[in-house]
Amino acid sequence: MAIDLSMKILIVDDFSTMRRIIKNILKQIGFANIDEAENGEIALSKIIDGDYDFVISDWNMPEMSGIELLKKVRTSETVKDLPFLMVTAESKKENVIEAVKAGVNNYIVKPFTAEVLQEKISKIFPD
Amino acid sequence: MDDSMQEIVDDFIQEALELLESLNENFIELEKQPDNKDILNTIFRAAHTIKGSAGFLGFQNIIELAHSAENILNKLRQGEMVLTAEMTDYLLKTMDTLKAMIITISETGTEGNPPIDNTKLIKKLNEMSEGSDIETPSPKEESSLSEGEGGGIDPACSEGQHARLADGSDSGKKKTKNLGDILLEDNLISKEELEQIYREKEEEERGRKGSEEKPKAESVDIEPPPVTKAEATVEECRNKPSPVSKPLPVVPQKLAPVHMSEIKETTVRVGIERLDNVMNLVGELVLARNRLFNISSKLESKYADDDLSSVLAQVVANLSLVTTDLQLAVMKTRMQPVKKVFSKFPRMVRDLSRELDKDIDLQIFGEETELDKSVIEEIGDPLVHLIRNSVDHGIEDKEGRIKNGKPERGTIKLVAEHEGNYIIISVTDDGGGIDANIIKRKAVEKGVIDEKTAISLSDKDALNLIFTPGFSTKDEATEISGRGVGMDVVKTNIQKLNGIIEIESKPGRGSDIILKLPLTVAIIQTLIVGVEGQVFAIPLNSIVETLRIKESTIQTIDKHEVINLRESVLSLLRLGNEFEIYENADKGFSSYTDKEIYVVVVALAEKKVGIAVDNLYGQEEVVIKSLGDYELGYKGISGATITGDGKVVLIIDVASMIEAVKIK
């Protein structure tokens with residue numbers, strides 16, 4: 001599975017430890033172009049200006065949740081097709097359904113390994 | 001553990017502790033409004049976040065405990081349960097335990113064994129979140145759709161699928177799949193179900209305009225689809241046009257437009273050692289500036305006619321201004337709001353008043369006031385002590401208050417405010433106050449003062465007696481205020497920070513304890529003194545007064561030199577002897593002459609000592625430099641500095657000076 005390792009990725013999480021963990025895992029996979037945002041507002045403005053190829057966002061965040069962020073992205077003219085991986089702690093049916101409806105590209109359950117993340121990403125970007 | 005892992009763990013420790021610390025006030029607020037969903041959500045999210053990161057780092061104890069707390073909090077925030085005082089107690093205990101676990105990690109590097117009562121706590125939490133519905137605390141064990149990941153991919157089908165299923169809206173760009181495609185591909189959902197989800201989505205979007213009737217997501221049956229055989233799937237893939245292949249319905253106009261606002265990250269986390277380093281460098285700069293200033297003014301008087309010297313003076317004045325500004329700016333980067341310390345008090349007062357069955361309202365003002373980090377770290381313990389005192393000794397019990405015609409609920413005010421280069425922190429209660437006469441009587445009983453002194457003592461001076469070591473007005477020290485650590489320790493701690501503590505009290509009306517603290521501890525005002533040509537600096541805040549006496553007025557009691565200061569005896573300490581500067585070590589005892597010497601009277605927690613010196617040179621603001629690893633053998637020095645004239649000057653440690661006299 002050839003994932004494009006030069007993709008510009010944005011990690012969105014309010015907890016800086018989580019951002020670091022995810023960044024670390026992404027680096028393990030081989031990604032290098034990684035940026036972070038600590039909340040939905042910042043993420044949104046970065047996404048709009050930033051020419052990102054891929055977003056990994058936490059679902060459960062204060063103020064603006066990952067789903068709310070995604071919905072805003074999907075309504076934008078320029079970035080509406082930006083691939084979105086949602087990080088969540090649970091995969092209850094209703095949550096998954098909500099994610100499908102919101103236009104999530106894939107989701108991943110915490111905690112995860114580099115292998116699982118890689119697989120989740122490669123599913124979004126088929127060869 | 002490699003470096004990057006260690007960094008992440010360090011990050012986790014710091015961030016999780018900050019998060020837990022911030023929860024205390026949420027809990028206090030929650031008790032006032034137990035059904036406030038926002039607060040419950042915040043607390044839930046904290047447990048959730050900690051569990052999530054701990055999961056990555058493999059801290060199993062934390063995961064288990066946080067999971068149990070998360071369960072109960074989830075029920076609370078969804079209104080399935082109502083918060084009770086008992087639950088609050090246990091949840092608070094959970095937060096404390098989590099904190100303790102994290103601290104263990106930071107100290108030992110590993111999680112070690114869980115605290116002894118951990119299992120009990122988890123059990124209790126699970127019981128409270130309904131005995132019937134106990135989830136096992138394994139983060140992996142979610143009844144989830146993700147289990148089939150990696151197993152159920154059908155290569156034959158998926159190839160055919162993503163050609164068509166990929167979002168068709170942007171044919172030019174890289175193709176990506178969405179969750180619906182992937183679930184379908186992994187056989188975690190049937191096409192029919194997915195279709196229904198998309199139908200619902202469209203309905204919901206239409207419904208948002210008019211009808212409020214929303215189809216419930218839960219109604220969808222999302223069991224693994226009946227069609228699992230490869231052929232069948234392939235068959236489906238090939239023959240039927242996939243209903244999902246249409247582009248995802250996009251809803252442009254209905255949601256709020258995307259703001260193009262320029263919100264950037266506005267803060268940077270910087271290690272404290274970097275700030276310390278900058279502060280140190282600025283300290284060096286201040287010293288160099290003082291020195292330059294000194295030289296320049298000498299040059300100016302020496303070459304008054306030379307233009308160059310006045311130009312130099314101007315440049316130095318400008319440099320001086322900039323240096324002062326820089327010093328202030330750097331100090332500001334080290335400032336933290338006192339909230340950092342204050343935030344733990346509502347919880348503490350809550351716990352104590354529950355224990356003592358008192359009703360106490362803690363009102364906090366000015367928690368945004370900022371103080372140097374090093375000061376913040378040091379005022380925590382003294383404040384804990386003062387507030388405990390107010391809760392325990394200050395505020396009367398409910399009956400007592402009613403009898404005294406006061407409202408049943410007592411009030412403690414904790415206020416922080418700026419006053420010039422100082423910050424004033426006061427703890428005020430409307431309790432029983434302190435009776436100066438009782439203080440006097442106790443002091444006499446304990447032999448702190450004699451009867452005669454007691455009678456002549458003003459009320460204000462009498463109140464200050466509570467700062468005397470070992471003084472406690474309650475006959476039995478209670479569990480809360482504890483025994484041993486008294487107000488004298490509080491005063492000593494405050495003085496170590498170059499601060500001042502004052503007390504005011506009216507019997508029956510309450511007490512007011514006021515702390516006056518400098519904004520920073522790195523720069524202090526000192527009195528520069530000289531002994532036999534050697535120069536020392538004494539911190540100004542511990543100096544009570546300076547005297548000029550004739551050596552012949554010194555008396556000797558038990559080989560101790562003393563002087564008579566306004567009818568009381570003051571021990572004298574000769575700096576020259578103390579630091580063995582005098583050529584003749586016995587000088588102090590043998591040659592009483594009419595020569596005049598200076599005595600600097602210093603005090604720490606009601607203990608006074610006179611320090612005998614030869615000269616007083618004046619007041620100077622100095623930057624304290626630590627002596628680092630130098631072993632001094634004598635503890636009378638707290639640091640060193642460089643004065644404007646370039647001399648290295650040792651700064652006297654008043655506390656150990658007083659200690660030295662006591663030992664003798």
# chains A, B, ... in the order shown; residues from 1 in each chain; ligands from 1
call {"tool": "interface_residues", "arguments": {"of": "chain A", "to": "chain B", "cutoff": "6 Å", "atoms": "only C-alpha atoms", "output": "list in words"}}
result
Thr17, Met18, Ile42, Thr75, Ser91, Lys92, Glu94, Val100, Lys101, Val104, Asn105, Asn106, Pro111, Ile124 and Phe125 of chain A
call {"tool": "select_by_dssp", "arguments": {"residues": "segment 47-93 of chain A", "states": "strand (DSSP E)", "output": "compact mmCIF listing (two decimals) with C-alpha atoms, in the first residue's frame"}}
result
# COMPACT_ATOMS: atom_id res chain seq x y z
CA PHE A 54 -5.16 15.17 5.33
CA VAL A 55 -6.62 15.91 8.77
CA ILE A 56 -6.53 13.70 11.85
CA SER A 57 -8.89 15.13 14.42
CA ASP A 58 -10.03 14.17 17.89
CA PHE A 84 -10.65 13.44 7.51
CA LEU A 85 -9.68 10.72 9.97
CA MET A 86 -11.60 10.91 13.22
CA VAL A 87 -9.93 9.77 16.45
CA THR A 88 -12.39 8.48 18.99
call {"tool": "residues_around", "arguments": {"residues": "Met128 of chain B", "least_positions_apart": "6", "cutoff": "10 Å", "atoms": "only C-alpha atoms", "output": "CSV table (one decimal) with C-alpha atoms, in the first residue's frame"}}
result
chain,number,residue,atom,x,y,z
B,68,SER,CA,-14.7,3.9,36.1
B,71,ASN,CA,-18.6,5.8,33.2
B,72,ILE,CA,-20.3,7.5,36.1
B,81,MET,CA,-28.2,9.8,37.3
B,86,GLU,CA,-21.2,11.1,48.2
B,87,MET,CA,-20.5,10.8,44.5
B,90,TYR,CA,-15.6,9.7,45.5
B,122,ILE,CA,-13.0,1.5,41.4
B,134,ILE,CA,-20.8,-2.6,35.5
call {"tool": "residues_around", "arguments": {"residues": "Gly30 of chain A", "least_positions_apart": "6", "cutoff": "12 Å", "atoms": "only C-alpha atoms", "output": "VMD selection string"}}
result
chain A and resid 2 to 7 9 23 to 24 114 to 115 117 to 118
call {"tool": "residues_around", "arguments": {"residues": "Val79 of chain A", "least_positions_apart": "5", "cutoff": "8 Å", "atoms": "only C-alpha atoms", "output": "mmCIF file with C-alpha atoms, in the first residue's frame"}}
result
data_model
loop_
_atom_site.group_PDB
_atom_site.id
_atom_site.type_symbol
_atom_site.label_atom_id
_atom_site.label_comp_id
_atom_site.auth_asym_id
_atom_site.auth_seq_id
_atom_site.Cartn_x
_atom_site.Cartn_y
_atom_site.Cartn_z
ATOM 1 C CA ILE A 47 -7.122 24.242 7.046
ATOM 2 C CA ILE A 48 -8.418 27.115 4.995
ATOM 3 C CA VAL A 73 -14.913 21.938 6.400
ATOM 4 C CA ARG A 74 -17.393 20.057 4.263
#
